[in-house]
file upload.cif (mmCIF, C-alpha atoms and all ligand atoms)
data_upload
loop_
_atom_site.label_atom_id
_atom_site.label_comp_id
_atom_site.auth_asym_id
_atom_site.auth_seq_id
_atom_site.Cartn_x
_atom_site.Cartn_y
_atom_site.Cartn_z
CA MET A 1 118.11 92.54 78.17
CA SER A 2 117.87 96.28 78.82
CA GLN A 3 118.93 97.41 82.30
CA PRO A 4 116.12 99.33 84.01
CA ALA A 5 117.14 102.77 85.20
CA VAL A 6 115.88 102.51 88.77
CA PRO A 7 118.33 103.87 91.33
CA GLN A 8 119.08 101.75 94.38
CA PHE A 9 119.06 104.88 96.54
CA THR A 10 116.47 107.60 96.97
CA SER A 11 117.48 111.07 98.03
CA ALA A 12 116.13 114.35 99.36
CA SER A 13 117.91 117.33 100.93
CA GLY A 14 121.16 115.37 100.98
CA ALA A 15 119.67 112.24 102.59
CA ARG A 16 120.84 109.21 100.60
CA ILE A 17 118.48 106.40 101.52
CA PRO A 18 118.86 102.77 100.38
CA ALA A 19 115.69 102.19 98.37
CA ILE A 20 115.04 98.77 99.91
CA GLY A 21 115.15 98.87 103.69
CA PHE A 22 114.25 96.42 106.42
CA GLY A 23 111.21 96.80 108.70
CA THR A 24 111.29 95.58 112.29
CA SER A 25 107.78 95.97 113.73
CA GLN A 26 106.32 92.82 115.29
CA LEU A 27 109.71 91.11 115.29
CA GLY A 28 110.16 91.28 119.07
CA ASP A 29 113.73 90.58 120.14
CA CYS A 30 115.07 90.84 116.62
CA HIS A 31 118.85 90.97 117.04
CA ASP A 32 119.47 87.75 115.08
CA VAL A 33 117.15 88.79 112.28
CA VAL A 34 118.71 92.26 112.04
CA ALA A 35 122.23 90.83 111.99
CA LYS A 36 121.11 88.45 109.24
CA ALA A 37 119.56 91.29 107.25
CA LEU A 38 122.80 93.24 107.44
CA GLU A 39 124.81 90.16 106.44
CA LEU A 40 122.55 89.74 103.40
CA GLY A 41 123.20 93.33 102.34
CA TYR A 42 120.46 95.49 103.87
CA ARG A 43 121.82 98.91 104.79
CA HIS A 44 118.60 100.62 105.84
CA ILE A 45 116.89 99.52 109.06
CA ASP A 46 113.53 100.91 110.18
CA THR A 47 112.56 100.81 113.84
CA ALA A 48 110.52 102.90 116.28
CA TRP A 49 110.35 103.42 120.03
CA LYS A 50 106.82 101.98 119.85
CA TYR A 51 107.86 98.67 118.23
CA GLY A 52 109.98 97.59 121.19
CA SER A 53 112.58 96.50 118.65
CA GLU A 54 115.19 99.23 119.20
CA LYS A 55 117.33 97.23 121.64
CA GLY A 56 117.35 94.22 119.31
CA VAL A 57 118.23 96.45 116.37
CA GLY A 58 121.15 97.92 118.31
CA ILE A 59 122.45 94.49 119.33
CA GLY A 60 121.99 93.18 115.78
CA ILE A 61 123.92 96.11 114.30
CA ARG A 62 126.87 95.57 116.62
CA ALA A 63 126.81 91.79 116.14
CA SER A 64 126.84 92.22 112.36
CA GLY A 65 130.20 93.96 112.32
CA VAL A 66 128.89 96.35 109.65
CA PRO A 67 130.32 99.83 110.37
CA ARG A 68 127.70 102.18 111.81
CA GLU A 69 128.32 104.78 109.09
CA GLU A 70 127.34 102.27 106.38
CA ILE A 71 123.86 101.86 107.86
CA PHE A 72 120.89 104.16 107.35
CA LEU A 73 119.04 103.84 110.67
CA THR A 74 115.54 105.21 111.22
CA THR A 75 113.56 105.49 114.42
CA LYS A 76 110.40 107.35 115.45
CA VAL A 77 108.99 109.31 118.35
CA SER A 78 105.58 108.02 119.37
CA HIS A 79 102.44 110.18 119.46
CA GLU A 80 102.42 110.18 123.30
CA TYR A 81 105.67 112.16 123.36
CA LEU A 82 105.09 115.15 121.09
CA ARG A 83 105.49 117.82 123.80
CA ALA A 84 109.02 119.29 123.64
CA GLY A 85 110.29 117.80 126.91
CA ASP A 86 108.76 114.37 126.28
CA PHE A 87 110.08 114.40 122.72
CA ALA A 88 113.68 115.08 123.81
CA ARG A 89 113.49 112.33 126.45
CA SER A 90 112.11 109.86 123.91
CA VAL A 91 114.93 110.62 121.46
CA ASP A 92 117.53 110.06 124.18
CA GLU A 93 115.85 106.80 125.20
CA SER A 94 115.85 105.61 121.58
CA LEU A 95 119.57 106.38 121.20
CA ALA A 96 120.27 104.52 124.45
CA ASN A 97 118.14 101.55 123.32
CA LEU A 98 119.95 101.45 120.00
CA GLN A 99 123.32 102.16 121.64
CA VAL A 100 124.21 104.71 118.97
CA ASP A 101 125.15 108.40 119.11
CA TYR A 102 122.83 109.35 116.27
CA VAL A 103 120.22 107.97 113.92
CA ASP A 104 120.06 108.80 110.23
CA MET A 105 116.34 109.55 110.17
CA LEU A 106 114.03 110.59 112.98
CA HIS A 107 110.30 110.59 112.36
CA VAL A 108 107.29 111.85 114.22
CA HIS A 109 105.43 108.51 114.21
CA TRP A 110 101.83 109.82 114.07
CA PRO A 111 100.49 113.38 114.06
CA THR A 112 99.32 114.81 117.34
CA VAL A 113 95.78 114.22 118.53
CA ASP A 114 96.11 116.16 121.78
CA GLN A 115 96.05 119.79 120.69
CA ILE A 116 99.83 119.99 120.94
CA PRO A 117 100.85 122.82 118.59
CA MET A 118 102.62 121.57 115.47
CA GLU A 119 105.22 124.33 116.08
CA GLU A 120 106.25 122.74 119.38
CA THR A 121 106.72 119.24 117.94
CA MET A 122 108.53 120.45 114.83
CA ALA A 123 110.86 122.63 116.92
CA ALA A 124 111.66 119.55 119.03
CA LEU A 125 112.31 117.51 115.88
CA ALA A 126 114.58 120.22 114.45
CA LYS A 127 116.39 120.53 117.80
CA ALA A 128 117.24 116.80 117.72
CA LYS A 129 118.82 117.38 114.32
CA ARG A 130 120.71 120.50 115.40
CA GLU A 131 122.07 118.60 118.39
CA GLY A 132 123.42 115.90 116.09
CA LYS A 133 121.08 113.21 117.38
CA THR A 134 119.73 112.62 113.88
CA ARG A 135 121.12 113.45 110.45
CA HIS A 136 117.72 113.85 108.80
CA ILE A 137 114.11 114.32 109.86
CA GLY A 138 110.71 113.33 108.60
CA VAL A 139 107.13 112.60 109.49
CA ALA A 140 105.00 109.48 109.28
CA ASN A 141 101.26 109.10 108.79
CA PHE A 142 100.69 112.81 108.14
CA ASN A 143 98.15 113.70 105.44
CA ILE A 144 99.18 116.19 102.76
CA ALA A 145 97.80 119.23 104.61
CA LEU A 146 99.64 118.21 107.79
CA VAL A 147 102.88 117.65 105.85
CA GLU A 148 102.54 121.11 104.33
CA GLU A 149 101.95 122.64 107.76
CA ALA A 150 104.90 120.72 109.21
CA ILE A 151 107.18 121.99 106.45
CA ARG A 152 105.93 125.55 107.00
CA VAL A 153 106.67 125.59 110.74
CA CYS A 154 109.71 123.30 110.96
CA PRO A 155 113.00 125.20 111.38
CA GLU A 156 114.84 122.43 109.47
CA PRO A 157 113.93 120.85 106.10
CA LEU A 158 111.96 117.62 106.18
CA ASP A 159 113.32 114.79 104.02
CA THR A 160 110.75 112.00 104.11
CA LEU A 161 107.14 111.08 104.59
CA GLN A 162 106.68 107.49 105.76
CA ALA A 163 103.23 106.14 104.93
CA GLU A 164 101.46 102.93 103.97
CA TYR A 165 101.78 101.94 100.32
CA HIS A 166 101.12 98.66 98.52
CA PRO A 167 99.03 97.55 95.53
CA TYR A 168 95.74 97.63 97.44
CA LEU A 169 96.10 101.30 98.44
CA ASP A 170 96.09 104.17 95.95
CA GLN A 171 98.70 106.65 97.16
CA SER A 172 99.12 108.55 93.88
CA LYS A 173 98.06 111.89 95.44
CA VAL A 174 100.48 111.47 98.33
CA LEU A 175 103.33 110.40 96.04
CA ALA A 176 102.71 113.44 93.82
CA ALA A 177 102.75 115.69 96.90
CA CYS A 178 106.05 114.17 98.05
CA ARG A 179 107.59 114.88 94.65
CA ARG A 180 106.29 118.46 94.71
CA LEU A 181 107.54 119.01 98.27
CA GLY A 182 110.94 117.35 97.77
CA LEU A 183 110.30 114.45 100.14
CA VAL A 184 111.16 110.79 99.69
CA PHE A 185 108.08 108.57 100.13
CA THR A 186 109.01 105.71 102.46
CA ALA A 187 106.49 102.93 101.82
CA TYR A 188 105.54 100.92 104.88
CA CYS A 189 103.54 97.67 104.77
CA PRO A 190 104.85 97.34 101.20
CA LEU A 191 103.61 93.74 101.07
CA ALA A 192 100.28 94.68 102.67
CA ARG A 193 101.39 92.72 105.76
CA GLY A 194 101.23 89.52 103.72
CA ARG A 195 97.77 90.12 102.14
CA VAL A 196 99.23 90.33 98.62
CA PHE A 197 100.25 86.67 98.63
CA GLY A 198 97.85 84.59 96.57
CA ASP A 199 96.54 87.55 94.59
CA PRO A 200 95.76 86.14 91.10
CA VAL A 201 96.94 89.20 89.14
CA LEU A 202 100.22 89.41 91.04
CA THR A 203 100.68 85.63 90.87
CA ALA A 204 100.26 85.70 87.08
CA ILE A 205 102.71 88.57 86.62
CA ALA A 206 105.23 86.88 88.93
CA ALA A 207 104.96 83.62 86.95
CA ARG A 208 105.46 85.45 83.66
CA LYS A 209 108.51 87.30 84.98
CA GLU A 210 109.88 84.16 86.71
CA ARG A 211 110.11 86.24 89.88
CA SER A 212 108.53 85.91 93.29
CA LEU A 213 105.33 87.80 94.03
CA ALA A 214 107.13 89.89 96.68
CA GLN A 215 109.75 90.91 94.11
CA VAL A 216 107.04 92.00 91.68
CA VAL A 217 105.33 94.16 94.33
CA LEU A 218 108.59 95.74 95.50
CA ARG A 219 109.65 96.33 91.89
CA TRP A 220 106.31 98.04 91.22
CA LEU A 221 107.09 100.43 94.10
CA MET A 222 110.70 101.01 93.00
CA GLN A 223 109.76 101.66 89.40
CA GLN A 224 107.45 104.55 90.34
CA GLY A 225 110.50 106.50 91.51
CA ASN A 226 111.13 108.56 94.66
CA ILE A 227 110.10 105.60 96.84
CA SER A 228 111.97 103.70 99.50
CA ALA A 229 110.27 100.50 100.76
CA ILE A 230 110.82 98.75 104.07
CA PRO A 231 109.55 95.15 103.91
CA ARG A 232 109.74 93.12 107.11
CA SER A 233 110.61 89.44 107.17
CA ALA A 234 111.94 86.89 109.64
CA ASN A 235 112.72 84.42 106.85
CA PRO A 236 116.26 84.68 105.41
CA HIS A 237 115.13 83.41 102.00
CA HIS A 238 112.44 86.12 101.83
CA MET A 239 114.89 88.73 103.13
CA ALA A 240 117.38 87.89 100.38
CA GLU A 241 114.88 87.87 97.53
CA SER A 242 113.36 91.22 98.55
CA LEU A 243 116.74 92.84 97.86
CA GLN A 244 116.84 91.44 94.30
CA VAL A 245 114.50 93.84 92.56
CA PHE A 246 116.89 95.95 90.49
CA ASP A 247 117.63 93.49 87.66
CA PHE A 248 114.25 93.16 85.96
CA GLU A 249 111.58 95.50 84.67
CA LEU A 250 107.79 95.60 84.69
CA SER A 251 106.11 96.75 81.49
CA ALA A 252 103.80 99.77 81.48
CA ASP A 253 100.87 97.36 81.19
CA GLU A 254 102.05 95.30 84.19
CA MET A 255 102.56 98.49 86.23
CA ALA A 256 99.02 99.61 85.35
CA ARG A 257 97.48 96.22 86.18
CA ILE A 258 99.11 96.28 89.62
CA SER A 259 98.01 99.86 90.27
CA ALA A 260 94.46 98.85 89.31
CA LEU A 261 94.36 96.48 92.32
CA ALA A 262 93.85 99.47 94.66
CA ARG A 263 90.53 99.34 96.48
CA ALA A 264 88.59 101.50 98.89
CA ASP A 265 89.12 99.17 101.87
CA GLY A 266 92.80 98.53 101.14
CA ARG A 267 94.25 100.50 104.04
CA ILE A 268 95.69 98.44 106.91
CA ALA A 269 97.11 100.90 109.49
CA ASN A 270 94.19 103.09 110.49
CA PRO A 271 94.07 103.47 114.28
CA GLN A 272 90.90 105.19 115.44
CA GLY A 273 91.49 108.54 117.08
CA ARG A 274 95.07 108.73 115.84
CA ALA A 275 94.78 108.50 112.07
CA PRO A 276 94.30 111.81 110.23
CA ALA A 277 91.74 112.30 107.45
CA TRP A 278 93.62 110.43 104.73
CA ASP A 279 94.02 111.90 101.25
N1 LIG B 1 105.28 104.33 110.37
C1 LIG B 1 104.31 103.48 110.67
O1 LIG B 1 103.30 103.85 111.27
C2 LIG B 1 104.46 102.04 110.25
C3 LIG B 1 103.32 101.21 110.27
C4 LIG B 1 103.47 99.89 109.86
C5 LIG B 1 104.72 99.42 109.46
N2 LIG B 1 105.80 100.24 109.48
C6 LIG B 1 107.16 99.75 109.09
O2 LIG B 1 107.04 99.05 107.85
C7 LIG B 1 107.58 97.75 108.00
C8 LIG B 1 106.91 96.78 107.05
O3 LIG B 1 105.52 96.69 107.28
P1 LIG B 1 104.86 95.40 107.97
O4 LIG B 1 105.87 94.81 108.87
O5 LIG B 1 103.58 95.83 108.58
O6 LIG B 1 104.48 94.41 106.80
P2 LIG B 1 105.01 94.01 105.33
O7 LIG B 1 106.47 94.23 105.20
O8 LIG B 1 104.09 94.60 104.34
O9 LIG B 1 104.69 92.43 105.34
C9 LIG B 1 105.36 91.57 106.21
C10 LIG B 1 104.89 90.14 105.88
O10 LIG B 1 105.34 89.80 104.56
C11 LIG B 1 106.05 88.57 104.62
N3 LIG B 1 107.17 88.68 103.67
C12 LIG B 1 108.15 89.60 103.65
N4 LIG B 1 108.97 89.41 102.61
C13 LIG B 1 108.48 88.35 101.95
C14 LIG B 1 108.91 87.66 100.79
N5 LIG B 1 109.99 88.05 100.08
N6 LIG B 1 108.18 86.57 100.38
C15 LIG B 1 107.11 86.14 101.09
N7 LIG B 1 106.66 86.76 102.21
C16 LIG B 1 107.36 87.86 102.63
C17 LIG B 1 106.52 88.41 106.04
O11 LIG B 1 106.57 87.04 106.39
P3 LIG B 1 107.97 86.28 106.66
O12 LIG B 1 108.50 86.80 107.96
O13 LIG B 1 107.55 84.85 106.70
O14 LIG B 1 108.86 86.58 105.50
C18 LIG B 1 105.43 89.11 106.84
O15 LIG B 1 104.37 88.22 107.13
C19 LIG B 1 107.36 97.46 109.49
O16 LIG B 1 108.09 96.34 109.94
C20 LIG B 1 107.76 98.78 110.11
O17 LIG B 1 109.17 98.89 110.15
C21 LIG B 1 105.68 101.55 109.84
#
call {"tool": "encode", "arguments": {"input": "upload.cif", "output": "structure tokens", "more": "lines below"}}
Ligand SMILES: NC(=O)c1ccc[n+]([C@@H]2O[C@H](COP(=O)([O-])OP(=O)(O)OC[C@H]3O[C@@H](n4cnc5c(N)ncnc54)[C@H](OP(=O)(O)O)[C@@H]3O)[C@@H](O)[C@H]2O)c1
result
Amino acid sequence: MSQPAVPQFTSASGARIPAIGFGTSQLGDCHDVVAKALELGYRHIDTAWKYGSEKGVGIGIRASGVPREEIFLTTKVSHEYLRAGDFARSVDESLANLQVDYVDMLHVHWPTVDQIPMEETMAALAKAKREGKTRHIGVANFNIALVEEAIRVCPEPLDTLQAEYHPYLDQSKVLAACRRLGLVFTAYCPLARGRVFGDPVLTAIAARKERSLAQVVLRWLMQQGNISAIPRSANPHHMAESLQVFDFELSADEMARISALARADGRIANPQGRAPAWD
């Protein structure tokens, strides 16, 4: 069987990001789950101040015994804190919650809706990097025009855009923009928050490949290239299988059939008043 040439890391501007990461929203006090994820081999953990999971992530990391430097740790500053002073306080609170000196990736969680100048937020993001509080920086939920503006005004290079991506949402324009702009696309809700399960097309492909449906969806993301995905699970069996997506290959026809599942109402995270005009 030919070995598919899909790297298990994605990279941009020197950031080396494990292509399959572990999401922690809605997990509550998640220290056991995070420790389990690390034991199973995850080395990329995604959290955010807003999720309330930072303390659990920090406890889980320490309980796992995995050295801090082996873990790619992401957190995010919430949209309420995009003024420079608020931003700096939020970063410090996140580091204290996580009980770490630095994170590997710091994101602006959603673009501003309060007339806060992009320059101010991007300067605060760059300052966190220059102070060693994060190794890399990125944005989440920005549309392409906002990403371009952020890159233009940010004193430090951006490395990632984190945005929703799964088979029910066409993100081809955004993925192309990430490639053009040198950003890794970090795919959140990669399993459409569970909505993919039971899909007849995905079920048929999974049966043919003798793989789980989740593995087929994650493989479809990996095979597009330049994508890191962060599935969330509280089930150790699911957690383990989501890591096993680098030893099989989808055909061009299977890739196309999965991409064709995209639909106009496929988007899940679309908070009114906070979401930008999506591409
Ligand atoms: N930047 C943002 O604004 C933003 C927004 C949303 C999410 N995110 C990030 O993205 C992460 C993932 O998104 P999400 O949590 O919304 O949803 P998701 O990962 O798309 O889906 C999670 C659901 O899939 C199930 N699941 C996971 N792996 C499975 C497997 N191998 N087989 C069967 N079921 C499986 C989980 O159930 P079990 O627990 O039973 O496995 C859970 O119900 C979040 O946790 C968060 O870190 C970021």
call {"tool": "atom_distance", "arguments": {"input": "upload.cif", "atom1": "CA of Pro155 in chain A", "atom2": "atom C19 of ligand LIG 1 (chain B)"}}
result
28.4 Å
call {"tool": "closest_atom_pairs", "arguments": {"input": "upload.cif", "of": "chain A", "to": "ligand LIG 1 (chain B)", "cutoff": "6 Å", "atoms": "all atoms listed in the file", "output": "Markdown table"}}
result
| residue | atom | partner | partner_atom | distance |
| --- | --- | --- | --- | --- |
| A:Gly23 | CA | B:LIG1 | O17 | 3.3 |
| A:Thr24 | CA | B:LIG1 | O16 | 4.0 |
| A:Ser25 | CA | B:LIG1 | O16 | 3.8 |
| A:Asp46 | CA | B:LIG1 | O17 | 4.8 |
| A:Thr47 | CA | B:LIG1 | O17 | 5.4 |
| A:His109 | CA | B:LIG1 | N1 | 5.7 |
| A:Ala140 | CA | B:LIG1 | N1 | 5.3 |
| A:Gln162 | CA | B:LIG1 | N1 | 5.8 |
| A:Tyr188 | CA | B:LIG1 | O2 | 3.8 |
| A:Cys189 | CA | B:LIG1 | O8 | 3.1 |
| A:Pro190 | CA | B:LIG1 | O8 | 4.2 |
| A:Leu191 | CA | B:LIG1 | O8 | 3.4 |
| A:Ala192 | CA | B:LIG1 | O8 | 4.2 |
| A:Arg193 | CA | B:LIG1 | O9 | 3.3 |
| A:Gly194 | CA | B:LIG1 | O10 | 4.2 |
| A:Ala214 | CA | B:LIG1 | N5 | 4.8 |
| A:Ile230 | CA | B:LIG1 | C7 | 5.2 |
| A:Pro231 | CA | B:LIG1 | O7 | 3.5 |
| A:Arg232 | CA | B:LIG1 | O7 | 3.9 |
| A:Ser233 | CA | B:LIG1 | O12 | 3.5 |
| A:Ala234 | CA | B:LIG1 | O12 | 3.8 |
| A:Asn235 | CA | B:LIG1 | O14 | 4.6 |
| A:His238 | CA | B:LIG1 | N5 | 3.6 |
| A:Met239 | CA | B:LIG1 | N5 | 5.8 |
| A:Glu241 | CA | B:LIG1 | N5 | 5.5 |
| A:Ser242 | CA | B:LIG1 | N5 | 4.9 |
call {"tool": "residues_around", "arguments": {"input": "upload.cif", "residues": "Ser212 in chain A", "least_positions_apart": "6", "cutoff": "12 Å", "atoms": "only C-alpha atoms", "output": "list in words"}}
result
Val196, Phe197, Gly198, Leu202, Thr203, Ala204, Ile205, Ala206, Leu218, Arg219, His237, His238, Ala240, Glu241, Ser242, Leu243, Gln244, Val245 and Phe248 of chain A
call {"tool": "residues_around", "arguments": {"input": "upload.cif", "residues": "range 144-153 of chain A", "least_positions_apart": "5", "cutoff": "8 Å", "atoms": "all atoms listed in the file", "output": "PyMOL selection string"}}
result
chain A and resi 111+118-119+122+139+158+161+174+177+279
call {"tool": "residues_around", "arguments": {"input": "upload.cif", "residues": "Gly14 in chain A", "least_positions_apart": "2", "cutoff": "12 Å", "atoms": "only C-alpha atoms", "output": "VMD selection string"}}
result
chain A and resid 9 to 12 16 to 17 104 to 105 135 to 137 157 to 160 182 to 184
call {"tool": "closest_residue", "arguments": {"input": "upload.cif", "among": "A:Val77, A:Ala19, A:Ala48, A:Val201", "to": "Arg257 in chain A", "atoms": "only C-alpha atoms"}}
result
A:Val201
call {"tool": "residues_around", "arguments": {"input": "upload.cif", "residues": "range 260-268 of chain A", "least_positions_apart": "6", "cutoff": "8 Å", "atoms": "all atoms listed in the file", "output": "PyMOL selection string"}}
result
chain A and resi 164+167-170+192
call {"tool": "residues_near_point", "arguments": {"input": "upload.cif", "point": "(124.9, 108.9, 116.3)", "cutoff": "10 Å", "atoms": "all atoms listed in the file", "output": "ChimeraX atom specification"}}
result
/A:68-69,73,95,98-104,132-135
call {"tool": "residues_around", "arguments": {"input": "upload.cif", "residues": "Ala35 in chain A", "least_positions_apart": "4", "cutoff": "8 Å", "atoms": "all atoms listed in the file", "output": "list in words"}}
result
His31, Glu39, Gly60, Ile61, Ala63 and Ser64 of chain A
call {"tool": "axis_aligned_box", "arguments": {"input": "upload.cif", "around": "range 143-146 of chain A", "padding_each_side": "6 Å", "output": "AutoDock Vina command-line options"}}
result
--center_x 98.7 --center_y 116.5 --center_z 105.3 --size_x 13.8 --size_y 17.5 --size_z 17.0
call {"tool": "build_atoms", "arguments": {"input": "upload.cif", "residues": "range 116-141 of chain A", "atoms": "N, CA and C atoms", "output": "PDB file, keeping the file's coordinate frame"}}
result
ATOM      1  N   ILE A 116      98.461 119.493 120.779  1.00  0.00           N
ATOM      2  CA  ILE A 116      99.830 119.990 120.940  1.00  0.00           C
ATOM      3  C   ILE A 116     100.158 120.770 119.673  1.00  0.00           C
ATOM      4  N   PRO A 117     100.603 122.027 119.806  1.00  0.00           N
ATOM      5  CA  PRO A 117     100.850 122.820 118.590  1.00  0.00           C
ATOM      6  C   PRO A 117     101.911 122.158 117.716  1.00  0.00           C
ATOM      7  N   MET A 118     101.655 122.135 116.419  1.00  0.00           N
ATOM      8  CA  MET A 118     102.620 121.570 115.470  1.00  0.00           C
ATOM      9  C   MET A 118     103.981 122.257 115.638  1.00  0.00           C
ATOM     10  N   GLU A 119     103.960 123.582 115.929  1.00  0.00           N
ATOM     11  CA  GLU A 119     105.220 124.330 116.080  1.00  0.00           C
ATOM     12  C   GLU A 119     106.106 123.701 117.156  1.00  0.00           C
ATOM     13  N   GLU A 120     105.480 123.293 118.268  1.00  0.00           N
ATOM     14  CA  GLU A 120     106.250 122.740 119.380  1.00  0.00           C
ATOM     15  C   GLU A 120     106.918 121.418 118.981  1.00  0.00           C
ATOM     16  N   THR A 121     106.167 120.543 118.338  1.00  0.00           N
ATOM     17  CA  THR A 121     106.720 119.240 117.940  1.00  0.00           C
ATOM     18  C   THR A 121     107.796 119.416 116.872  1.00  0.00           C
ATOM     19  N   MET A 122     107.543 120.283 115.915  1.00  0.00           N
ATOM     20  CA  MET A 122     108.530 120.450 114.830  1.00  0.00           C
ATOM     21  C   MET A 122     109.806 121.123 115.337  1.00  0.00           C
ATOM     22  N   ALA A 123     109.656 122.022 116.318  1.00  0.00           N
ATOM     23  CA  ALA A 123     110.860 122.630 116.920  1.00  0.00           C
ATOM     24  C   ALA A 123     111.662 121.553 117.645  1.00  0.00           C
ATOM     25  N   ALA A 124     110.964 120.626 118.314  1.00  0.00           N
ATOM     26  CA  ALA A 124     111.660 119.550 119.030  1.00  0.00           C
ATOM     27  C   ALA A 124     112.363 118.605 118.042  1.00  0.00           C
ATOM     28  N   LEU A 125     111.706 118.360 116.920  1.00  0.00           N
ATOM     29  CA  LEU A 125     112.310 117.510 115.880  1.00  0.00           C
ATOM     30  C   LEU A 125     113.562 118.180 115.309  1.00  0.00           C
ATOM     31  N   ALA A 126     113.437 119.472 114.997  1.00  0.00           N
ATOM     32  CA  ALA A 126     114.580 120.220 114.450  1.00  0.00           C
ATOM     33  C   ALA A 126     115.720 120.299 115.473  1.00  0.00           C
ATOM     34  N   LYS A 127     115.369 120.433 116.746  1.00  0.00           N
ATOM     35  CA  LYS A 127     116.390 120.530 117.800  1.00  0.00           C
ATOM     36  C   LYS A 127     117.202 119.221 117.847  1.00  0.00           C
ATOM     37  N   ALA A 128     116.517 118.079 117.721  1.00  0.00           N
ATOM     38  CA  ALA A 128     117.240 116.800 117.720  1.00  0.00           C
ATOM     39  C   ALA A 128     118.257 116.772 116.589  1.00  0.00           C
ATOM     40  N   LYS A 129     117.882 117.336 115.454  1.00  0.00           N
ATOM     41  CA  LYS A 129     118.820 117.380 114.320  1.00  0.00           C
ATOM     42  C   LYS A 129     119.982 118.330 114.630  1.00  0.00           C
ATOM     43  N   ARG A 130     119.645 119.502 115.136  1.00  0.00           N
ATOM     44  CA  ARG A 130     120.710 120.500 115.400  1.00  0.00           C
ATOM     45  C   ARG A 130     121.669 120.022 116.477  1.00  0.00           C
ATOM     46  N   GLU A 131     121.194 119.157 117.350  1.00  0.00           N
ATOM     47  CA  GLU A 131     122.070 118.600 118.390  1.00  0.00           C
ATOM     48  C   GLU A 131     122.851 117.382 117.914  1.00  0.00           C
ATOM     49  N   GLY A 132     122.664 117.024 116.650  1.00  0.00           N
ATOM     50  CA  GLY A 132     123.420 115.900 116.090  1.00  0.00           C
ATOM     51  C   GLY A 132     122.870 114.536 116.448  1.00  0.00           C
ATOM     52  N   LYS A 133     121.645 114.514 116.987  1.00  0.00           N
ATOM     53  CA  LYS A 133     121.080 113.210 117.380  1.00  0.00           C
ATOM     54  C   LYS A 133     120.437 112.489 116.194  1.00  0.00           C
ATOM     55  N   THR A 134     120.178 113.230 115.128  1.00  0.00           N
ATOM     56  CA  THR A 134     119.730 112.620 113.880  1.00  0.00           C
ATOM     57  C   THR A 134     120.304 113.431 112.720  1.00  0.00           C
ATOM     58  N   ARG A 135     120.585 112.736 111.618  1.00  0.00           N
ATOM     59  CA  ARG A 135     121.120 113.450 110.450  1.00  0.00           C
ATOM     60  C   ARG A 135     119.996 114.054 109.620  1.00  0.00           C
ATOM     61  N   HIS A 136     118.846 113.397 109.624  1.00  0.00           N
ATOM     62  CA  HIS A 136     117.720 113.850 108.800  1.00  0.00           C
ATOM     63  C   HIS A 136     116.425 113.686 109.591  1.00  0.00           C
ATOM     64  N   ILE A 137     115.392 114.379 109.139  1.00  0.00           N
ATOM     65  CA  ILE A 137     114.110 114.320 109.860  1.00  0.00           C
ATOM     66  C   ILE A 137     112.953 114.129 108.885  1.00  0.00           C
ATOM     67  N   GLY A 138     111.891 113.553 109.421  1.00  0.00           N
ATOM     68  CA  GLY A 138     110.710 113.330 108.600  1.00  0.00           C
ATOM     69  C   GLY A 138     109.483 113.111 109.452  1.00  0.00           C
ATOM     70  N   VAL A 139     108.383 112.866 108.785  1.00  0.00           N
ATOM     71  CA  VAL A 139     107.130 112.600 109.490  1.00  0.00           C
ATOM     72  C   VAL A 139     106.521 111.322 108.919  1.00  0.00           C
ATOM     73  N   ALA A 140     105.685 110.690 109.719  1.00  0.00           N
ATOM     74  CA  ALA A 140     105.000 109.480 109.280  1.00  0.00           C
ATOM     75  C   ALA A 140     103.510 109.644 109.534  1.00  0.00           C
ATOM     76  N   ASN A 141     102.714 109.115 108.623  1.00  0.00           N
ATOM     77  CA  ASN A 141     101.260 109.100 108.790  1.00  0.00           C
ATOM     78  C   ASN A 141     100.640 110.497 108.854  1.00  0.00           C
TER      79      ASN A 141
END
